[in-house]
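Visitor: my_file-v1.cif is reproduced in full below (mmCIF, C-alpha atoms).
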data_structure
#
loop_
_atom_site.label_atom_id
_atom_site.label_comp_id
_atom_site.auth_asym_id
_atom_site.auth_seq_id
_atom_site.Cartn_x
_atom_site.Cartn_y
_atom_site.Cartn_z
CA MET A 1 48.23 131.43 124.94
CA ASP A 2 48.37 130.20 121.34
CA VAL A 3 51.14 127.61 120.82
CA SER A 4 52.00 128.89 117.34
CA TYR A 5 52.56 132.35 118.82
CA LEU A 6 55.01 130.93 121.38
CA ILE A 7 56.79 128.98 118.65
CA ASP A 8 57.17 132.19 116.64
CA TRP A 9 58.84 133.80 119.66
CA ALA A 10 61.13 130.80 120.08
CA ASN A 11 61.95 131.06 116.38
CA LEU A 12 62.83 134.76 116.69
CA LEU A 13 64.96 134.43 119.83
CA LEU A 14 66.79 131.31 118.65
CA ARG A 15 67.50 132.93 115.29
CA TRP A 16 68.84 136.04 117.04
CA ALA A 17 71.03 134.02 119.40
CA HIS A 18 72.24 131.88 116.49
CA VAL A 19 73.31 134.90 114.47
CA ILE A 20 75.08 136.49 117.46
CA THR A 21 77.06 133.37 118.33
CA ALA A 22 77.82 132.64 114.67
CA ILE A 23 79.29 136.13 114.26
CA ALA A 24 81.48 135.52 117.32
CA TRP A 25 82.61 132.09 116.09
CA ILE A 26 83.28 133.00 112.47
CA GLY A 27 84.91 136.26 113.53
CA ALA A 28 87.29 134.37 115.84
CA SER A 29 88.03 131.83 113.10
CA PHE A 30 88.76 134.54 110.54
CA TYR A 31 90.93 136.45 112.99
CA PHE A 32 93.10 133.55 114.12
CA VAL A 33 93.57 132.22 110.58
CA MET A 34 94.59 135.72 109.52
CA LEU A 35 96.92 135.94 112.54
CA ASP A 36 98.56 132.59 111.80
CA ASN A 37 99.07 133.46 108.14
CA SER A 38 100.37 136.95 108.95
CA LEU A 39 103.09 135.86 111.38
CA SER A 40 106.66 136.53 110.39
CA ALA A 41 109.91 135.34 111.93
CA PRO A 42 110.87 137.46 114.98
CA THR A 43 113.28 140.25 114.08
CA HIS A 44 114.78 140.77 117.54
CA GLY A 45 117.27 138.34 118.97
CA ASP A 46 115.69 138.38 122.43
CA LEU A 47 112.38 137.15 121.00
CA LYS A 48 114.14 134.24 119.29
CA GLN A 49 115.89 133.35 122.52
CA LYS A 50 112.58 133.39 124.34
CA GLY A 51 111.17 130.81 121.93
CA VAL A 52 108.89 133.03 119.84
CA ASP A 53 108.08 131.25 116.59
CA GLY A 54 106.29 134.14 114.92
CA GLU A 55 105.20 137.71 115.55
CA MET A 56 102.83 140.26 114.08
CA TRP A 57 102.52 143.99 114.62
CA ALA A 58 99.09 145.55 114.07
CA VAL A 59 97.48 148.93 114.56
CA HIS A 60 93.83 149.22 115.50
CA GLY A 61 91.59 151.46 117.55
CA GLY A 62 94.27 154.05 118.16
CA GLY A 63 96.82 151.62 119.57
CA PHE A 64 99.53 149.15 118.55
CA TYR A 65 99.35 145.40 119.14
CA HIS A 66 102.29 143.01 119.19
CA SER A 67 101.22 139.36 118.94
CA ASN A 68 103.70 136.55 119.61
CA LYS A 69 103.12 132.87 118.93
CA TYR A 70 104.84 130.03 120.76
CA MET A 71 104.44 126.59 119.29
CA VAL A 72 105.22 125.29 122.77
CA ALA A 73 104.89 127.46 125.87
CA PRO A 74 108.35 128.71 126.90
CA LYS A 75 109.93 127.27 130.05
CA TRP A 76 110.79 130.72 131.36
CA LEU A 77 107.14 131.80 131.30
CA PRO A 78 104.77 129.50 133.22
CA LEU A 79 101.29 129.01 131.81
CA PRO A 80 98.71 131.17 133.63
CA GLU A 81 95.71 129.53 135.21
CA ASN A 82 93.22 131.68 133.28
CA LEU A 83 94.04 130.68 129.71
CA HIS A 84 91.59 131.96 127.11
CA TRP A 85 89.85 129.10 125.29
CA SER A 86 87.89 129.60 122.07
CA TYR A 87 85.10 127.05 122.18
CA TRP A 88 81.94 128.55 123.65
CA GLU A 89 81.28 130.36 120.35
CA SER A 90 81.30 127.07 118.46
CA TYR A 91 79.13 125.13 120.88
CA SER A 92 76.63 127.97 121.30
CA THR A 93 76.31 128.41 117.54
CA TRP A 94 75.59 124.73 117.04
CA LEU A 95 73.14 124.47 119.95
CA THR A 96 71.14 127.53 118.90
CA GLY A 97 71.22 126.39 115.27
CA PHE A 98 69.99 122.91 116.16
CA GLY A 99 67.29 124.44 118.34
CA LEU A 100 66.15 126.63 115.44
CA PHE A 101 66.25 123.63 113.07
CA THR A 102 64.10 121.68 115.56
CA VAL A 103 61.50 124.45 115.96
CA LEU A 104 61.28 125.21 112.24
CA TYR A 105 61.81 121.89 110.51
CA LEU A 106 61.60 118.91 112.84
CA PHE A 107 58.38 120.04 114.57
CA ASN A 108 56.85 120.62 111.12
CA ALA A 109 58.55 117.86 109.17
CA GLY A 110 55.48 117.02 107.11
CA THR A 111 55.40 120.58 105.81
CA PHE A 112 59.04 121.69 105.72
CA LEU A 113 61.11 118.51 105.24
CA VAL A 114 58.79 116.49 103.01
CA ASP A 115 57.93 117.42 99.46
CA LYS A 116 55.95 114.51 98.03
CA SER A 117 56.80 115.57 94.49
CA VAL A 118 60.48 115.02 95.35
CA TYR A 119 60.26 111.97 97.62
CA ASP A 120 57.11 110.56 99.19
CA TRP A 121 57.85 109.36 102.72
CA SER A 122 56.62 109.86 106.26
CA PRO A 123 57.60 112.82 108.44
CA GLY A 124 59.20 110.43 110.95
CA ALA A 125 61.41 108.88 108.29
CA ALA A 126 62.38 112.35 107.02
CA ILE A 127 63.36 113.43 110.55
CA ALA A 128 65.50 110.31 111.03
CA ALA A 129 67.18 110.86 107.68
CA ALA A 130 67.85 114.54 108.42
CA LEU A 131 69.51 113.70 111.73
CA GLY A 132 71.39 110.89 109.99
CA PHE A 133 72.78 113.40 107.50
CA LEU A 134 74.32 115.45 110.30
CA ALA A 135 75.91 112.42 111.96
CA ALA A 136 76.94 110.50 108.82
CA PHE A 137 78.76 113.40 107.20
CA TRP A 138 80.82 114.03 110.34
CA LEU A 139 81.73 110.34 110.73
CA ILE A 140 82.81 109.92 107.10
CA TYR A 141 84.64 113.26 107.03
CA ASP A 142 86.44 112.37 110.27
CA ALA A 143 87.45 108.97 108.86
CA ILE A 144 88.85 110.66 105.74
CA CYS A 145 90.93 113.04 107.86
CA ARG A 146 92.25 110.31 110.18
CA THR A 147 93.17 107.86 107.41
CA LEU A 148 94.44 110.23 104.70
CA GLY A 149 95.30 113.45 106.51
CA GLN A 150 98.75 112.34 107.69
CA LYS A 151 99.91 111.02 104.32
CA LYS A 152 102.17 112.85 101.89
CA ASN A 153 100.11 115.61 100.23
CA GLY A 154 97.46 114.68 102.79
CA ASP A 155 95.80 118.10 102.81
CA ALA A 156 95.22 118.04 99.05
CA ILE A 157 93.93 114.44 99.16
CA VAL A 158 91.59 115.19 102.06
CA GLY A 159 90.35 118.35 100.33
CA ALA A 160 89.55 116.47 97.12
CA CYS A 161 87.78 113.63 98.96
CA VAL A 162 85.72 116.01 101.08
CA PHE A 163 84.78 118.06 98.02
CA VAL A 164 83.51 114.96 96.20
CA PHE A 165 81.63 113.87 99.32
CA VAL A 166 79.99 117.28 99.67
CA ILE A 167 78.83 117.06 96.04
CA PHE A 168 77.31 113.64 96.69
CA ALA A 169 75.65 114.77 99.92
CA SER A 170 74.19 117.83 98.17
CA TRP A 171 72.79 115.69 95.36
CA LEU A 172 71.33 113.14 97.79
CA ALA A 173 69.74 115.80 100.01
CA CYS A 174 68.02 117.34 96.99
CA GLN A 175 66.66 113.90 95.96
CA LEU A 176 65.14 113.26 99.39
CA PHE A 177 64.03 116.55 100.94
CA ALA A 178 62.10 119.63 99.94
CA GLY A 179 64.47 122.01 98.17
CA ARG A 180 64.54 124.61 100.92
CA ALA A 181 65.18 121.96 103.57
CA ALA A 182 67.88 120.32 101.45
CA PHE A 183 69.86 123.55 101.14
CA LEU A 184 69.56 124.23 104.87
CA LEU A 185 70.44 120.64 105.75
CA VAL A 186 73.65 120.68 103.72
CA GLY A 187 74.69 123.89 105.47
CA ALA A 188 73.81 122.36 108.86
CA MET A 189 75.77 119.24 107.93
CA LEU A 190 78.94 121.27 107.35
CA ALA A 191 78.32 123.41 110.45
CA THR A 192 77.92 120.26 112.56
CA THR A 193 81.26 119.03 111.27
CA MET A 194 82.88 122.35 112.15
CA SER A 195 81.61 122.21 115.72
CA ALA A 196 82.52 118.52 116.03
CA ASN A 197 86.06 119.39 114.94
CA VAL A 198 86.26 121.78 117.88
CA PHE A 199 84.64 119.38 120.35
CA PHE A 200 86.42 116.13 119.42
CA TRP A 201 89.82 117.30 118.19
CA ILE A 202 90.83 120.92 118.66
CA ILE A 203 89.91 121.47 122.32
CA PRO A 204 90.86 117.95 123.57
CA GLY A 205 94.23 118.29 121.82
CA GLN A 206 94.82 121.67 123.41
CA ARG A 207 93.86 120.34 126.84
CA THR A 208 96.31 117.46 126.43
CA VAL A 209 99.13 119.83 125.48
CA VAL A 210 98.40 122.10 128.44
CA ALA A 211 98.31 119.13 130.82
CA GLN A 212 101.65 117.83 129.46
CA LEU A 213 103.27 121.24 129.84
CA ARG A 214 102.06 121.68 133.40
CA ALA A 215 103.24 118.19 134.29
CA GLY A 216 106.67 118.88 132.82
CA GLN A 217 106.23 116.16 130.19
CA PRO A 218 107.39 116.36 126.56
CA VAL A 219 104.66 117.68 124.26
CA ASP A 220 103.48 115.46 121.43
CA PRO A 221 103.35 117.71 118.31
CA ILE A 222 100.60 115.61 116.74
CA HIS A 223 97.97 117.43 118.80
CA GLY A 224 98.97 120.79 117.38
CA GLN A 225 99.13 119.41 113.85
CA ARG A 226 95.66 117.89 114.06
CA GLY A 227 94.20 120.99 115.66
CA LYS A 228 95.65 123.22 112.96
CA GLN A 229 94.39 120.91 110.20
CA ARG A 230 90.82 120.90 111.53
CA SER A 231 90.92 124.64 112.19
CA VAL A 232 91.92 125.31 108.58
CA HIS A 233 89.11 123.05 107.37
CA ASN A 234 86.68 125.00 109.51
CA THR A 235 87.66 128.34 108.01
CA TYR A 236 87.11 126.97 104.49
CA PHE A 237 83.67 125.68 105.51
CA THR A 238 82.49 129.06 106.82
CA LEU A 239 81.45 130.80 103.60
CA PRO A 240 79.90 127.66 102.04
CA VAL A 241 77.85 127.23 105.24
CA LEU A 242 76.71 130.85 105.18
CA ILE A 243 75.66 130.81 101.53
CA ALA A 244 73.81 127.49 101.99
CA MET A 245 71.93 128.92 104.98
CA LEU A 246 71.06 132.18 103.23
CA SER A 247 70.19 130.72 99.83
CA ASN A 248 67.26 128.71 101.19
CA HIS A 249 65.37 132.01 101.55
CA TYR A 250 65.20 132.37 97.75
CA GLY A 251 62.83 129.96 96.07
CA TRP A 252 64.21 130.52 92.58
CA LEU A 253 67.52 128.97 93.75
CA TYR A 254 66.22 125.69 95.12
CA GLN A 255 63.10 125.00 93.07
CA GLY A 256 64.82 123.99 89.82
CA THR A 257 65.49 120.49 88.52
CA ASN A 258 69.26 120.75 89.10
CA ASN A 259 69.02 122.52 92.44
CA TRP A 260 71.82 120.34 93.85
CA LEU A 261 74.21 121.75 91.25
CA VAL A 262 73.13 125.29 92.12
CA LEU A 263 73.95 124.58 95.77
CA VAL A 264 77.34 123.05 94.93
CA LEU A 265 78.32 126.02 92.77
CA LEU A 266 77.25 128.51 95.45
CA MET A 267 79.34 126.72 98.08
CA LEU A 268 82.29 126.33 95.72
CA ALA A 269 82.25 130.07 95.05
CA GLY A 270 82.29 130.67 98.81
CA ALA A 271 85.24 128.32 99.34
CA LEU A 272 87.21 129.92 96.50
CA ILE A 273 86.60 133.42 97.83
CA ARG A 274 87.64 132.33 101.32
CA HIS A 275 90.81 130.74 99.91
CA SER A 276 91.65 134.00 98.20
CA PHE A 277 91.62 135.84 101.52
CA VAL A 278 93.67 133.13 103.24
CA SER A 279 96.26 133.34 100.44
CA ARG A 280 96.26 137.13 100.66
CA HIS A 281 97.46 137.06 104.26
CA LYS A 282 100.31 134.70 103.37
CA ALA A 283 101.31 136.77 100.36
CA HIS A 284 101.37 139.95 102.44
CA VAL A 285 103.92 138.47 104.86
CA LEU A 286 106.11 137.19 102.02
CA GLY A 287 105.95 140.51 100.19
CA LYS A 288 104.27 138.97 97.15
CA ARG A 289 101.40 140.30 95.09
CA THR A 290 97.88 139.71 96.33
CA PRO A 291 96.53 136.50 94.70
CA TRP A 292 92.98 137.39 93.72
CA GLU A 293 92.62 134.61 91.12
CA HIS A 294 90.46 132.34 93.28
CA ALA A 295 88.14 135.19 94.23
CA VAL A 296 87.78 136.06 90.54
CA VAL A 297 86.90 132.44 89.69
CA GLY A 298 84.40 132.33 92.56
CA THR A 299 82.81 135.58 91.40
CA LEU A 300 82.60 134.28 87.84
CA ALA A 301 80.90 131.14 89.14
CA LEU A 302 78.27 133.34 90.79
CA ALA A 303 77.87 135.38 87.61
CA GLY A 304 77.48 132.16 85.61
CA LEU A 305 74.80 130.99 88.03
CA ALA A 306 72.94 134.27 87.65
CA LEU A 307 72.93 133.88 83.85
CA TRP A 308 71.93 130.22 84.03
CA LEU A 309 68.99 130.85 86.35
CA ALA A 310 67.80 134.02 84.64
CA PRO A 311 64.21 133.74 83.35
CA PRO A 312 63.97 133.32 79.57
CA PRO A 313 63.01 136.31 77.43
CA ARG A 314 59.27 136.74 77.10
CA SER A 315 57.65 135.85 73.81
CA GLU A 316 55.50 138.35 71.94
CA ALA A 317 52.38 136.54 73.11
CA THR A 318 53.56 136.74 76.72
CA LEU A 319 54.39 140.42 76.40
CA ALA A 320 50.97 141.09 74.89
CA ALA A 321 49.30 139.19 77.74
CA ALA A 322 51.36 141.14 80.26
CA LYS A 323 49.81 144.38 79.00
CA ALA A 324 46.28 143.09 79.42
CA PRO A 325 44.54 144.35 82.57
CA VAL A 326 44.10 141.89 85.42
CA SER A 327 40.72 141.63 87.05
CA PHE A 328 40.38 140.99 90.75
CA ALA A 329 38.27 137.94 89.93
CA GLN A 330 41.31 136.38 88.23
CA VAL A 331 43.51 137.14 91.24
CA GLN A 332 40.94 135.78 93.67
CA ALA A 333 40.64 132.56 91.66
CA VAL A 334 44.40 131.99 91.85
CA ILE A 335 44.55 132.73 95.55
CA GLU A 336 41.57 130.50 96.33
CA GLN A 337 43.16 127.62 94.44
CA ARG A 338 46.78 128.07 95.53
CA CYS A 339 46.83 129.96 98.84
CA THR A 340 43.70 129.63 100.94
CA LEU A 341 44.43 126.01 101.84
CA CYS A 342 46.80 127.41 104.49
CA HIS A 343 45.42 130.95 104.79
CA ASN A 344 41.72 130.87 105.61
CA ALA A 345 39.34 131.57 108.47
CA GLN A 346 40.23 128.32 110.24
CA VAL A 347 43.94 128.04 109.34
CA GLN A 348 45.92 131.27 109.44
CA ASN A 349 49.57 130.38 109.00
CA LYS A 350 51.76 133.30 110.12
CA ASN A 351 48.51 135.10 111.07
CA VAL A 352 47.64 135.61 107.40
CA ALA A 353 44.16 134.85 106.04
CA LEU A 354 43.20 135.35 102.38
CA HIS A 355 39.60 134.15 102.16
CA THR A 356 37.93 137.54 101.55
CA PRO A 357 38.60 140.37 99.07
CA GLU A 358 39.42 142.75 101.92
CA LEU A 359 42.03 140.37 103.37
CA ILE A 360 43.59 139.78 99.96
CA ARG A 361 43.92 143.52 99.46
CA SER A 362 45.39 144.11 102.93
CA HIS A 363 47.97 141.36 102.43
CA ALA A 364 48.75 142.25 98.81
CA GLN A 365 52.36 143.21 99.47
CA ALA A 366 53.04 140.00 101.43
CA VAL A 367 51.50 137.94 98.61
CA TYR A 368 53.68 139.78 96.09
CA GLN A 369 56.89 139.33 98.10
CA GLN A 370 56.36 135.69 99.05
CA ALA A 371 54.74 134.30 95.89
CA VAL A 372 56.21 136.49 93.15
CA VAL A 373 59.57 137.95 94.20
CA GLN A 374 61.05 135.27 96.46
CA LYS A 375 58.84 132.40 95.25
CA LEU A 376 58.78 130.95 98.74
CA MET A 377 55.02 130.41 98.72
CA PRO A 378 53.17 128.15 98.39
CA LEU A 379 55.60 126.24 100.60
CA ASN A 380 57.38 123.59 98.52
CA ASN A 381 54.86 124.65 95.84
CA ALA A 382 52.45 122.17 97.40
CA THR A 383 49.49 123.60 95.43
CA GLN A 384 51.43 123.68 92.14
CA ILE A 385 51.14 127.38 91.33
CA THR A 386 52.33 128.10 87.79
CA GLU A 387 54.68 130.80 86.54
CA ALA A 388 51.80 132.31 84.60
CA GLU A 389 49.81 132.61 87.82
CA ARG A 390 52.73 134.21 89.63
CA ASP A 391 53.02 136.67 86.75
CA LEU A 392 49.31 137.45 87.01
CA LEU A 393 49.75 138.26 90.72
CA ARG A 394 52.72 140.44 89.83
CA ARG A 395 50.80 142.46 87.26
CA TRP A 396 47.88 142.92 89.63
CA PHE A 397 50.11 144.19 92.44
CA GLU A 398 52.19 146.48 90.21
CA ALA A 399 48.97 147.96 88.80
CA GLY A 400 47.85 149.00 92.26
CA ALA A 401 46.38 145.78 93.75
CA GLN A 402 42.79 146.90 93.47
CA ALA A 403 40.17 144.68 95.17
CA GLN A 404 37.27 145.10 92.77
#
Is it possible to express this structure as structure tokens?

Guide:
Amino acid sequence: MDVSYLIDWANLLLRWAHVITAIAWIGASFYFVMLDNSLSAPTHGDLKQKGVDGEMWAVHGGGFYHSNKYMVAPKWLPLPENLHWSYWESYSTWLTGFGLFTVLYLFNAGTFLVDKSVYDWSPGAAIAAALGFLAAFWLIYDAICRTLGQKKNGDAIVGACVFVFVIFASWLACQLFAGRAAFLLVGAMLATTMSANVFFWIIPGQRTVVAQLRAGQPVDPIHGQRGKQRSVHNTYFTLPVLIAMLSNHYGWLYQGTNNWLVLVLLMLAGALIRHSFVSRHKAHVLGKRTPWEHAVVGTLALAGLALWLAPPPRSEATLAAAKAPVSFAQVQAVIEQRCTLCHNAQVQNKNVALHTPELIRSHAQAVYQQAVVQKLMPLNNATQITEAERDLLRRWFEAGAQAQ
């Protein structure tokens, strides 16, 4: 059986599993952050006596839910053996994501990681650097949290330092890797940090607290403080990670000269929008107005990006050329020069061949979508297709894609 066919199946199944586990992880993160921020002081004296630190009433699915939070498990209520732990979602998301990254990018580093017009190096060096990005960001981020996170105004200081570091990492990735890989790698870098927070800090801290409670020992509050800090960081990383992962499917986002700035602004908009929802939950409990300011700023950042990246108005000469009919010979010349290197009788990437007029006609829609609309092909623009050539393909397809 053809190896590329098996790899395509691995790609599909890993992507599916990755999306499923990511939904579970991000959903749990969103829910528990909302729950924490929606807790109010218990209104009944018996709840206060029982050690309840906060409560929330909710209605959903035809029933009422009453959630209570204990900062430390009450002495009158022993901890059950079957405690629910939220960690498999995190680990499964990272493992499936790394598997997908391996199948797509590491196995094809010379094609997907390396763009010689950006940085000319070997596939092996690019793989080592990509893995180094994942590890280095976590180590530096963790050092920032451990050294500055416990200081006065530590959260603000850590947030500012991490923001600057993310900007630098985004810039560096876009100087070393193909644009699409750089965007994905920055998202993977943040996602790795999120999962490492769970693995190295949140779950070990919770296990220590549980062990201390069951042994009848005093509980060190530092474990809860650290776990809460890293959990909050994780919820702010979620939307930047998602937009970084999704944006690499749109060539017009990552192919520009200042693609690193595009990535930073996309992630900043995500973080601002997420902050708006976090603040909304707090405001609701305090009876204050909903603070939508950060979401508005994030939305304006996206609108500004859309205006910045919009194609310039066409000149009169361009408009006149756009009305001229396109011959199939012109289309075939572009495809032979820019596409058939990877789509021919011998090499049929993604089972697409474009070396005959009949094949070009049968794959016209795919050519239009990949080369004109999304600008994903040629991959990393390895054959240096021009905007004029993309426009020629567009006019041919929109005129009916005739092979004559």

Visitor: Need the shell around Gln374 (chain A): protein/DNA/RNA residues with any atom at most 8 Å away, counting all atoms listed in the file. Skip same-chain ones fewer than 4 positions apart. Format as a list in words?

Guide: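 The filter keeps His249, Tyr250, Gly251, Trp252, Gln369 and Gln370 of chain A.
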
Visitor: Got time to write the residues from that selection, C-alpha atoms, as an mmCIF file, keeping the file's coordinate frame?

Guide:
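Dumped to again-v1.cif:
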data_model
loop_
_atom_site.group_PDB
_atom_site.id
_atom_site.type_symbol
_atom_site.label_atom_id
_atom_site.label_comp_id
_atom_site.auth_asym_id
_atom_site.auth_seq_id
_atom_site.Cartn_x
_atom_site.Cartn_y
_atom_site.Cartn_z
ATOM 1 C CA HIS A 249 65.370 132.010 101.550
ATOM 2 C CA TYR A 250 65.200 132.370 97.750
ATOM 3 C CA GLY A 251 62.830 129.960 96.070
ATOM 4 C CA TRP A 252 64.210 130.520 92.580
ATOM 5 C CA GLN A 369 56.890 139.330 98.100
ATOM 6 C CA GLN A 370 56.360 135.690 99.050
#

Visitor: Just the residues within 6 Å of region 67-76 of chain A, please, counting all atoms listed in the file, with nothing from its chain fewer than 3 positions along; format it as a PyMOL selection string.

Guide: chain A and resi 52-56

Visitor: Skip Val232 (chain A) itself and residues of its chain fewer than 6 positions away, then list as a list of chain:residue names all residues within 12 Å of it, counting all atoms listed in the file.

Guide: A:Ser29, A:Phe30, A:Phe32, A:Val33, A:Met34, A:Asp36, A:Asn37, A:Asp155, A:Gly159, A:Met194, A:Asn197, A:Val198, A:Ile202, A:Gln225, A:Arg226, A:Thr238, A:Ala271, A:Arg274, A:His275, A:Val278

Visitor: Selected by the PyMOL selection byres ((chain A and resi 261) around 12) in the shown coordinates: which residues, as a compact mmCIF listing (two decimals) with C-alpha atoms, in the coordinates of the input?

Guide:
# COMPACT_ATOMS: atom_id res chain seq x y z
CA VAL A 166 79.99 117.28 99.67
CA ILE A 167 78.83 117.06 96.04
CA PHE A 168 77.31 113.64 96.69
CA ALA A 169 75.65 114.77 99.92
CA SER A 170 74.19 117.83 98.17
CA TRP A 171 72.79 115.69 95.36
CA LEU A 172 71.33 113.14 97.79
CA ALA A 173 69.74 115.80 100.01
CA CYS A 174 68.02 117.34 96.99
CA GLN A 175 66.66 113.90 95.96
CA GLY A 179 64.47 122.01 98.17
CA PHE A 183 69.86 123.55 101.14
CA LEU A 253 67.52 128.97 93.75
CA TYR A 254 66.22 125.69 95.12
CA GLN A 255 63.10 125.00 93.07
CA GLY A 256 64.82 123.99 89.82
CA THR A 257 65.49 120.49 88.52
CA ASN A 258 69.26 120.75 89.10
CA ASN A 259 69.02 122.52 92.44
CA TRP A 260 71.82 120.34 93.85
CA VAL A 262 73.13 125.29 92.12
CA LEU A 263 73.95 124.58 95.77
CA VAL A 264 77.34 123.05 94.93
CA LEU A 265 78.32 126.02 92.77
CA LEU A 266 77.25 128.51 95.45
CA MET A 267 79.34 126.72 98.08
CA LEU A 268 82.29 126.33 95.72
CA ALA A 301 80.90 131.14 89.14
CA LEU A 305 74.80 130.99 88.03
CA TRP A 308 71.93 130.22 84.03
CA LEU A 309 68.99 130.85 86.35

Visitor: What does the distance between CA of Tyr368 (chain A) and CA of Gln332 (chain A) come to in Å, to one decimal place?

Guide: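 Here the two named atoms are 13.6 Å from each other.
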
Visitor: Which residues, written as a list in words, have at least one atom at most 6 Å from Thr383 (chain A), with only C-alpha atoms counted and residues fewer than 2 positions away on the same chain left out?

Guide: Arg338, Asn381 and Ile385 of chain A

Visitor: With 12 Å as the threshold, what does the neighbourhood of (86.1, 141.0, 93.8) contain in terms of residues, counting only C-alpha atoms? Coordinates are those of the file; answer as a VMD selection string.

Guide: chain A and resid 269 272 to 274 276 to 277 291 to 300 302 to 303

Visitor: I'd like the interatomic distance between CA of Ile26 (chain A) and CA of Ser38 (chain A), to a tenth of an Å.

Guide: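 Calculated distance between CA of Ile26 (chain A) and CA of Ser38 (chain A) is 17.9 Å.
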
Visitor: To verify the selection step, state as a PyMOL selection string which residues the PyMOL selection byres ((chain A and resi 112) around 12) yields on this input.

Guide: chain A and resi 101-111+113-116+123+126-127+130+177-185+248+376-382

Visitor: Of the residues A:Glu336, A:Met245, A:Leu39, A:His223, which is the one nearest to His281 (chain A), using all atoms listed in the file?

Guide: A:Leu39

Visitor: So for region 309-312 of chain A, what box centre and size do we get, axis-aligned, 4 Å extra on each of the six sides, every listed atom, Å to one decimal, as JSON?

Guide:
{"center_x": 66.5, "center_y": 132.4, "center_z": 83.0, "size_x": 13.0, "size_y": 11.2, "size_z": 14.8}

Visitor: Should you be able to, write region 3-47 of chain A of this structure into a file that contains C-alpha atoms, as a compact mmCIF listing (two decimals), in the first residue's frame.

Guide:
# COMPACT_ATOMS: atom_id res chain seq x y z
CA VAL A 3 3.04 5.15 2.06
CA SER A 4 1.69 8.61 1.20
CA TYR A 5 -1.84 7.20 1.34
CA LEU A 6 -1.22 5.83 4.84
CA ILE A 7 0.27 9.15 5.92
CA ASP A 8 -2.85 10.93 4.68
CA TRP A 9 -4.96 8.63 6.86
CA ALA A 10 -2.70 9.29 9.84
CA ASN A 11 -3.05 13.01 9.13
CA LEU A 12 -6.85 12.78 9.05
CA LEU A 13 -7.22 10.68 12.20
CA LEU A 14 -4.67 12.66 14.21
CA ARG A 15 -6.30 15.93 13.17
CA TRP A 16 -9.71 14.59 14.20
CA ALA A 17 -8.45 13.34 17.56
CA HIS A 18 -6.60 16.63 18.11
CA VAL A 19 -9.73 18.69 17.52
CA ILE A 20 -11.84 16.45 19.79
CA THR A 21 -9.40 16.59 22.70
CA ALA A 22 -8.77 20.32 22.20
CA ILE A 23 -12.51 21.00 22.44
CA ALA A 24 -12.62 19.00 25.69
CA TRP A 25 -9.58 20.80 27.14
CA ILE A 26 -10.52 24.34 26.15
CA GLY A 27 -14.13 23.73 27.14
CA ALA A 28 -13.03 22.59 30.61
CA SER A 29 -10.69 25.58 30.91
CA PHE A 30 -13.41 28.04 29.90
CA TYR A 31 -15.91 26.43 32.25
CA PHE A 32 -13.74 26.38 35.36
CA VAL A 33 -12.46 29.93 34.81
CA MET A 34 -16.08 31.04 34.40
CA LEU A 35 -17.02 29.09 37.54
CA ASP A 36 -14.21 30.61 39.61
CA ASN A 37 -15.06 34.13 38.47
CA SER A 38 -18.80 33.62 39.01
CA LEU A 39 -18.57 32.44 42.62
CA SER A 40 -20.13 34.62 45.25
CA ALA A 41 -19.92 34.47 49.03
CA PRO A 42 -22.32 31.85 50.47
CA THR A 43 -25.62 33.37 51.54
CA HIS A 44 -26.65 30.69 54.03
CA GLY A 45 -25.03 30.43 57.42
CA ASP A 46 -24.77 26.65 57.29
CA LEU A 47 -22.64 26.84 54.14
